[in-house]
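Peer 1: File structure-v7.txt follows (compact mmCIF, C-alpha atoms):
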```
# COMPACT_ATOMS: atom_id res chain seq x y z
CA MET Y 274 -83.37 -211.90 -52.74
CA THR Y 275 -82.45 -211.64 -56.39
CA THR Y 276 -79.68 -213.96 -57.55
CA LEU Y 277 -76.72 -212.32 -59.25
CA PRO Y 278 -76.76 -213.19 -62.97
CA GLU Y 279 -73.67 -214.68 -64.55
CA ARG Y 280 -71.27 -211.79 -65.13
CA ARG Y 281 -70.77 -211.32 -68.85
CA ALA Y 282 -70.19 -207.58 -69.10
CA PRO Y 283 -66.69 -206.24 -68.53
CA GLU Y 284 -66.15 -204.64 -65.15
CA THR Y 285 -66.90 -201.03 -66.03
CA ARG Y 286 -67.61 -198.26 -63.58
CA ALA Y 287 -69.75 -195.22 -64.04
CA GLU Y 288 -68.03 -191.87 -63.83
CA VAL Y 289 -69.76 -189.35 -61.56
CA THR Y 290 -69.03 -185.66 -62.07
CA LEU Y 291 -70.53 -182.44 -60.75
CA PRO Y 292 -71.01 -180.04 -63.68
CA SER Y 293 -72.70 -177.41 -61.49
CA THR Y 294 -73.67 -176.78 -57.88
CA THR Y 295 -77.03 -178.47 -58.42
CA ASP Y 296 -76.29 -181.21 -60.95
CA ILE Y 297 -74.85 -184.73 -60.97
CA LEU Y 298 -73.68 -186.24 -64.25
CA ILE Y 299 -73.31 -190.02 -64.50
CA THR Y 300 -71.62 -191.55 -67.56
CA ARG Y 301 -71.18 -195.27 -68.16
CA ASP Y 302 -70.24 -197.40 -71.14
CA PHE Y 303 -72.09 -200.68 -71.70
CA ALA Y 304 -71.00 -203.74 -73.64
CA ALA Y 305 -74.60 -204.29 -74.73
CA PRO Y 306 -75.95 -202.65 -77.92
CA LEU Y 307 -78.04 -199.51 -77.57
CA ALA Y 308 -81.39 -201.11 -78.50
CA LEU Y 309 -80.94 -203.74 -75.78
CA VAL Y 310 -79.88 -201.26 -73.09
CA TYR Y 311 -82.90 -199.08 -73.92
CA ARG Y 312 -85.21 -202.12 -73.87
CA ALA Y 313 -83.86 -203.24 -70.47
CA TRP Y 314 -84.28 -199.66 -69.15
CA THR Y 315 -87.88 -199.30 -70.34
CA THR Y 316 -89.47 -202.76 -69.88
CA PRO Y 317 -90.93 -203.42 -66.40
CA ASP Y 318 -90.15 -207.16 -66.33
CA LEU Y 319 -86.54 -206.41 -67.24
CA VAL Y 320 -86.24 -203.53 -64.74
CA ARG Y 321 -87.27 -206.02 -62.02
CA ARG Y 322 -84.19 -208.08 -62.95
CA TRP Y 323 -81.60 -205.29 -62.55
CA TRP Y 324 -82.87 -202.32 -60.56
CA SER Y 325 -82.19 -203.61 -57.03
CA ALA Y 326 -78.97 -205.47 -58.03
CA ASP Y 327 -77.92 -207.53 -55.02
CA MET Y 328 -79.28 -205.03 -52.49
CA GLY Y 329 -82.78 -206.48 -52.26
CA GLN Y 330 -85.69 -207.53 -54.42
CA THR Y 331 -87.56 -205.28 -56.82
CA THR Y 332 -91.21 -205.81 -55.95
CA HIS Y 333 -92.75 -203.22 -58.26
CA ALA Y 334 -91.71 -201.78 -61.61
CA GLU Y 335 -94.34 -199.73 -63.41
CA ILE Y 336 -93.56 -197.84 -66.61
CA ASP Y 337 -96.14 -195.89 -68.62
CA LEU Y 338 -93.73 -194.85 -71.38
CA GLN Y 339 -95.46 -191.79 -72.77
CA VAL Y 340 -95.16 -188.07 -72.11
CA GLY Y 341 -97.16 -187.49 -68.93
CA GLY Y 342 -96.94 -191.20 -68.10
CA ARG Y 343 -95.81 -192.28 -64.67
CA TRP Y 344 -93.07 -194.64 -63.57
CA ARG Y 345 -92.54 -196.23 -60.15
CA TYR Y 346 -89.95 -198.69 -58.81
CA VAL Y 347 -90.02 -200.28 -55.35
CA MET Y 348 -87.58 -202.69 -53.75
CA VAL Y 349 -87.41 -204.40 -50.39
CA THR Y 350 -83.87 -204.46 -49.04
CA ALA Y 351 -82.30 -207.53 -47.46
CA GLY Y 352 -83.06 -205.85 -44.11
CA GLY Y 353 -86.76 -205.57 -44.97
CA GLN Y 354 -86.87 -201.82 -45.68
CA GLU Y 355 -89.11 -200.73 -48.56
CA VAL Y 356 -87.46 -198.19 -50.87
CA GLY Y 357 -89.50 -196.53 -53.61
CA PHE Y 358 -89.03 -193.92 -56.31
CA HIS Y 359 -91.51 -192.49 -58.78
CA GLY Y 360 -91.85 -189.79 -61.38
CA VAL Y 361 -93.46 -188.54 -64.57
CA TYR Y 362 -92.06 -188.64 -68.10
CA ARG Y 363 -91.67 -185.19 -69.66
CA GLU Y 364 -89.89 -186.11 -72.90
CA ILE Y 365 -89.36 -189.38 -74.77
CA VAL Y 366 -87.24 -189.89 -77.87
CA PRO Y 367 -87.12 -193.67 -78.29
CA GLU Y 368 -83.63 -195.18 -78.03
CA THR Y 369 -82.16 -191.69 -77.63
CA ARG Y 370 -83.42 -189.68 -74.66
CA LEU Y 371 -85.78 -189.87 -71.68
CA VAL Y 372 -86.55 -186.93 -69.41
CA ALA Y 373 -88.48 -187.63 -66.22
CA THR Y 374 -88.93 -186.35 -62.71
CA GLU Y 375 -87.72 -188.50 -59.82
CA ILE Y 376 -89.05 -188.43 -56.26
CA TYR Y 377 -87.61 -190.57 -53.48
CA GLU Y 378 -90.66 -191.78 -51.54
CA GLY Y 379 -88.71 -191.65 -48.26
CA MET Y 380 -88.78 -187.85 -48.67
CA PRO Y 381 -92.22 -187.19 -50.18
CA ASP Y 382 -92.05 -183.42 -49.55
CA SER Y 383 -88.84 -183.08 -51.55
CA GLU Y 384 -88.92 -181.43 -54.96
CA GLY Y 385 -86.94 -184.40 -56.20
CA ALA Y 386 -84.88 -184.16 -59.34
CA LEU Y 387 -85.21 -183.96 -63.08
CA ASN Y 388 -83.32 -186.76 -64.82
CA THR Y 389 -82.24 -186.68 -68.45
CA VAL Y 390 -81.11 -190.11 -69.62
CA THR Y 391 -79.30 -190.25 -72.95
CA PHE Y 392 -78.50 -193.42 -74.89
CA ALA Y 393 -75.80 -193.20 -77.58
CA PRO Y 394 -73.91 -195.77 -79.64
CA HIS Y 395 -70.35 -196.22 -78.40
CA GLY Y 396 -68.17 -198.66 -80.31
CA ASN Y 397 -70.06 -201.96 -80.31
CA GLY Y 398 -71.94 -200.96 -77.18
CA THR Y 399 -73.72 -198.03 -75.61
CA ARG Y 400 -72.81 -194.88 -73.69
CA LEU Y 401 -75.44 -193.97 -71.12
CA THR Y 402 -75.46 -190.53 -69.53
CA ILE Y 403 -77.76 -189.47 -66.74
CA LEU Y 404 -77.97 -185.79 -65.85
CA VAL Y 405 -79.62 -185.41 -62.45
CA GLN Y 406 -80.74 -181.81 -61.87
CA HIS Y 407 -81.70 -180.71 -58.37
CA ALA Y 408 -83.32 -177.41 -57.39
CA ALA Y 409 -80.67 -176.60 -54.78
CA GLN Y 410 -77.11 -177.53 -53.91
CA ALA Y 411 -78.23 -178.91 -50.54
CA ASP Y 412 -80.52 -181.37 -52.34
CA ARG Y 413 -77.73 -182.43 -54.71
CA ASP Y 414 -75.31 -182.87 -51.81
CA ALA Y 415 -77.84 -184.92 -49.82
CA HIS Y 416 -78.30 -187.15 -52.87
CA LEU Y 417 -74.53 -187.58 -53.24
CA HIS Y 418 -74.10 -188.42 -49.54
CA SER Y 419 -77.00 -190.90 -49.48
CA GLY Y 420 -74.81 -193.78 -50.64
CA MET Y 421 -76.30 -193.52 -54.12
CA GLU Y 422 -73.02 -194.09 -55.95
CA THR Y 423 -72.38 -197.53 -54.44
CA GLY Y 424 -75.87 -198.74 -55.31
CA MET Y 425 -75.81 -197.08 -58.72
CA GLN Y 426 -72.55 -198.80 -59.67
CA LYS Y 427 -74.05 -202.23 -58.84
CA THR Y 428 -77.34 -201.44 -60.52
CA LEU Y 429 -75.76 -200.29 -63.77
CA ALA Y 430 -73.54 -203.40 -63.89
CA TRP Y 431 -76.66 -205.53 -63.56
CA LEU Y 432 -78.38 -203.46 -66.25
CA ASP Y 433 -75.53 -204.29 -68.64
CA ASP Y 434 -75.79 -207.99 -67.77
CA VAL Y 435 -79.55 -208.04 -68.32
CA ALA Y 436 -79.22 -206.16 -71.63
CA LEU Y 437 -76.51 -208.58 -72.80
CA SER Y 438 -78.73 -211.53 -71.88
CA LEU Y 439 -81.29 -210.30 -74.43
CA ALA Y 440 -78.89 -210.74 -77.36
```
Taking this structure as input, can you express it in the form of structure tokens?
Peer 2:
Amino acid sequence: MTTLPERRAPETRAEVTLPSTTDILITRDFAAPLALVYRAWTTPDLVRRWWSADMGQTTHAEIDLQVGGRWRYVMVTAGGQEVGFHGVYREIVPETRLVATEIYEGMPDSEGALNTVTFAPHGNGTRLTILVQHAAQADRDAHLHSGMETGMQKTLAWLDDVALSLA
């Protein structure tokens, strides 16, 4: 089980909105500077420190950060369940934008989603937006009802802490 890092980032929550019947938009402000948030997002050893938050242990973080490159994250929950996600990068603009597919390995026949992650300066920190585009409303709604928001809130708080620790 991963140990919670010392909390240095302010308690900030991500805002989740539904801009269309198939999309989820996540927006969160980070205390950490943009370059450090991007580095924590794109470096496997750093992803291992934040991706599972306090919900388990990240056992695998692979990132081939190039167009056509693959990524894969796996964690083992406190209850022993293995949870994995993977995808392929479609667009990379360093420190600005990442576009990649995302497949939940618990539903391998799913079309998954297309995620557009945008990093922007915001005051002394960073604004991160994640646009999650599903093929159908039923897929989006299943994603929303999976408990994703609770885990995502914890994970993004840990991401901010890890990024701040790099300063």
Peer 1: Kindly give the distance, in Å, that separates atom CA of Y:Gly329 and atom CA of Y:Met348, rounded to a single decimal.
Peer 2: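 Rounded to one decimal, the two atoms are 6.3 Å apart.
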Peer 1: Using only C-alpha atoms, which residues of stretch 289-333 of chain Y come within 7 Å of stretch 402-405 of chain Y, and what is the closest atom pair for each, with the distance in Å to one decimal? Give it as JSON lines, sorted by chain and residue number.
Peer 2:
```
{"residue": "Y:Asp296", "atom": "CA", "partner": "Y:Val405", "partner_atom": "CA", "distance": 5.6}
{"residue": "Y:Ile297", "atom": "CA", "partner": "Y:Val405", "partner_atom": "CA", "distance": 5.0}
{"residue": "Y:Leu298", "atom": "CA", "partner": "Y:Leu404", "partner_atom": "CA", "distance": 4.6}
{"residue": "Y:Ile299", "atom": "CA", "partner": "Y:Ile403", "partner_atom": "CA", "distance": 5.0}
{"residue": "Y:Thr300", "atom": "CA", "partner": "Y:Thr402", "partner_atom": "CA", "distance": 4.4}
{"residue": "Y:Arg301", "atom": "CA", "partner": "Y:Thr402", "partner_atom": "CA", "distance": 6.5}
```
Peer 1: With all atoms listed in the file counted, which protein, DNA or RNA residues have an atom no more than 9 Å from (-91.9, -196.4, -69.6) in the file frame? Please answer as an MDAnalysis selection string.
Peer 2: chainID Y and resid 314:317 335:339 342:344 362
Peer 1: Excluding Y:Ala411 and residues on its chain fewer than 4 positions from it, collect all residues at most 9 Å away from it, counting only C-alpha atoms, and give them as an NGL selection string.
Peer 2: :Y and (294-295 or 407 or 415-416)
Peer 1: Report the closest atom pair, with its distance in Å rounded to one decimal, for each residue of stretch 317-407 of chain Y that has an atom no farther than 7 Å from stretch 422-435 of chain Y; count only C-alpha atoms, sort by chain and then rising residue number, and write it as a Markdown table.
Peer 2:
```
| residue | atom | partner | partner_atom | distance |
| --- | --- | --- | --- | --- |
| Y:Trp323 | CA | Y:Trp431 | CA | 5.0 |
| Y:Trp324 | CA | Y:Thr428 | CA | 5.6 |
| Y:Ser325 | CA | Y:Thr428 | CA | 6.4 |
| Y:Ala326 | CA | Y:Thr428 | CA | 5.0 |
```
Peer 1: Could you state the separation of atom CA of Y:Ala408 and atom CA of Y:Val340 in Å, given to one decimal place?
Peer 2: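 So the two atoms, atom CA of Y:Ala408 and atom CA of Y:Val340, lie 21.7 Å apart.
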Peer 1: Calculated over only C-alpha atoms, which of the candidates Y:Thr369, Y:Tyr346, Y:Tyr377, Y:Leu309 has the smallest distance to Y:Ser419?
Peer 2: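 For Y:Ser419, the nearest of the given residues is Y:Tyr377.
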Peer 1: Which distance in Å separates atom CA of Y:Phe392 and atom CA of Y:Leu371, to one decimal?
Peer 2: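 Going from atom CA of Y:Phe392 over to atom CA of Y:Leu371 covers 8.7 Å.
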Peer 1: Between Y:Ala436, Y:Leu319, Y:Leu387, Y:Val347, which one has atoms that come closest to Y:Glu364, using all atoms listed in the file?
Peer 2: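 Closest to Y:Glu364, using all atoms listed in the file: Y:Leu387.
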Peer 1: Calculated over only C-alpha atoms, which of the candidates Y:Arg363, Y:Arg286, Y:Arg322, Y:Arg413 has the smallest distance to Y:Ser438?
Peer 2: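 Going through Y:Arg363, Y:Arg286, Y:Arg322, Y:Arg413 one by one, the smallest distance to Y:Ser438 is for Y:Arg322.
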Peer 1: For Y:Glu378, which residue out of Y:Val289, Y:Val310, Y:Val320, Y:Val356 is the nearest one, using all atoms listed in the file?
Peer 2: Y:Val356
Peer 1: Tell me which of Y:Tyr311, Y:Phe358, Y:Leu437, Y:Met328 sits closest to Y:Thr391, counting all atoms listed in the file.
Peer 2: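 Among the listed residues, Y:Tyr311 lies closest to Y:Thr391.
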Peer 1: Looking at Y:Val349, Y:Ala334, Y:Leu307, Y:Asp327, which one is nearest to Y:Arg370, with distances taken over all atoms listed in the file?
Peer 2: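 Ranking Y:Val349, Y:Ala334, Y:Leu307, Y:Asp327 by distance to Y:Arg370, first place goes to Y:Leu307.
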Peer 1: Would you compute an axis-aligned box for stretch 320-338 of chain Y, covering every atom listed for it in the file with 6 Å of margin on each side, and report centre and edge lengths in Å to one decimal as AutoDock Vina command-line options?
Peer 2:
```
--center_x -87.0 --center_y -201.5 --center_z -61.8 --size_x 30.2 --size_y 25.2 --size_z 31.1
```
Peer 1: For Y:Pro394, list every protein, DNA or RNA residue within 8 Å, evaluated using only C-alpha atoms, and leave out those in the same chain fewer than 4 positions away; present the list as a VMD selection string.
Peer 2: chain Y and resid 306 to 307 398 to 400
